[in-house]
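Report on the following structure.
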Amino acid sequence: MATVGDVARLVSELPEVTEGERHGHQTWFVAGKAFAWVRPFSKADLRRFGDEIPPDGPILAIRVDDLGEKEAVLAANPDAFFTIPHFDGYAAVLVQLRKVSRTALREALTDGWLAVAPAKLRGRLTDGPGDKDIAGV
């Protein structure tokens with residue numbers, strides 16, 4: 001079971017991450033762009049669940065490179081990663097921290113960072129263009 005504190009520790013291992021608030025929620029940025037943020041459900045989100053019980057929190061949103069990657073992430077770990085109608089057409093996934101493994105969380109946060117970081121920073125993590133094999137992260 002991961003916590004928001006675990007998220008903060010994991011993102012602190014990535015270059016030039018800053019922490020702040022956006023819309024009143026803890027958010028992590030690289031080069032001024034958000035790549036992960038605490039994302040509780042709004043009243044509208046909860047209404048959309050209808051009779052279905054929403055995933056219990058804490059919930060984290062993490063950027064992905066594109067909609068194709070979003071579908072791959074959702075398919076690879078459907079117990080912990082999910083989406084909601086509000087995120088339709090948006091390159092980000094939601095993570096139920098209570099269900100995600102530390103390894104999957106670390107990979108998703110690193111991929112989120114890579115999705116928004118400038119090329120000069122991405123090069124500090126990768127061995128070559130497009131290589132997302134990050135040693136030690």
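Numbering starts fresh at 1 for the residues of each chain in the structure tokens, the chains themselves are lettered A, B, ... in the order given, and ligands are numbered from 1 as they appear.
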Near range 24-28 of chain A, 12 Å: range 76-113 of chain A residue rows, closest pairs, only C-alpha atoms, as JSON lines:
```
{"residue": "A:Leu109", "atom": "CA", "partner": "A:Trp28", "partner_atom": "CA", "distance": 9.9}
{"residue": "A:Thr110", "atom": "CA", "partner": "A:Trp28", "partner_atom": "CA", "distance": 11.8}
{"residue": "A:Gly112", "atom": "CA", "partner": "A:Trp28", "partner_atom": "CA", "distance": 10.3}
{"residue": "A:Trp113", "atom": "CA", "partner": "A:Trp28", "partner_atom": "CA", "distance": 9.2}
```
Just list as a list in words whatever in range 10-59 of chain A DSSP marks as alpha helix (DSSP H).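 DSSP-assigned alpha helix (DSSP H) residues in range 10-59 of chain A: Leu10, Val11, Lys43, Ala44, Asp45, Leu46, Arg47, Arg48 and Phe49 of chain A.
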Take the residues from that selection and put them in a file with C-alpha atoms, as a short mmCIF file (atom, residue, chain, number, x, y, z; two decimals), in the first residue's frame.
```cif
data_model
loop_
_atom_site.label_atom_id
_atom_site.label_comp_id
_atom_site.auth_asym_id
_atom_site.auth_seq_id
_atom_site.Cartn_x
_atom_site.Cartn_y
_atom_site.Cartn_z
CA LEU A 10 9.71 8.76 -5.18
CA VAL A 11 9.38 12.00 -7.15
CA LYS A 43 -19.21 15.83 -6.42
CA ALA A 44 -19.79 15.49 -10.17
CA ASP A 45 -17.33 12.57 -10.34
CA LEU A 46 -19.13 10.84 -7.48
CA ARG A 47 -22.52 11.32 -9.18
CA ARG A 48 -21.14 9.68 -12.35
CA PHE A 49 -20.29 6.55 -10.36
#
```
Determine, counting only C-alpha atoms, which protein, DNA and RNA residues have an atom within 7 Å of an atom of Ile62 in chain A; residues of the same chain fewer than 2 positions away are not included. Present the result as a list in words. Phe35, Ala36, Trp37, Leu60, Val64, Ala92, Val93, Leu94, Leu109 and Gly112 of chain A
To one decimal place, how far is CA of Leu114 in chain A from CA of Tyr90 in chain A in Å?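 Atom-to-atom, CA of Leu114 in chain A and CA of Tyr90 in chain A are spaced 16.3 Å apart.
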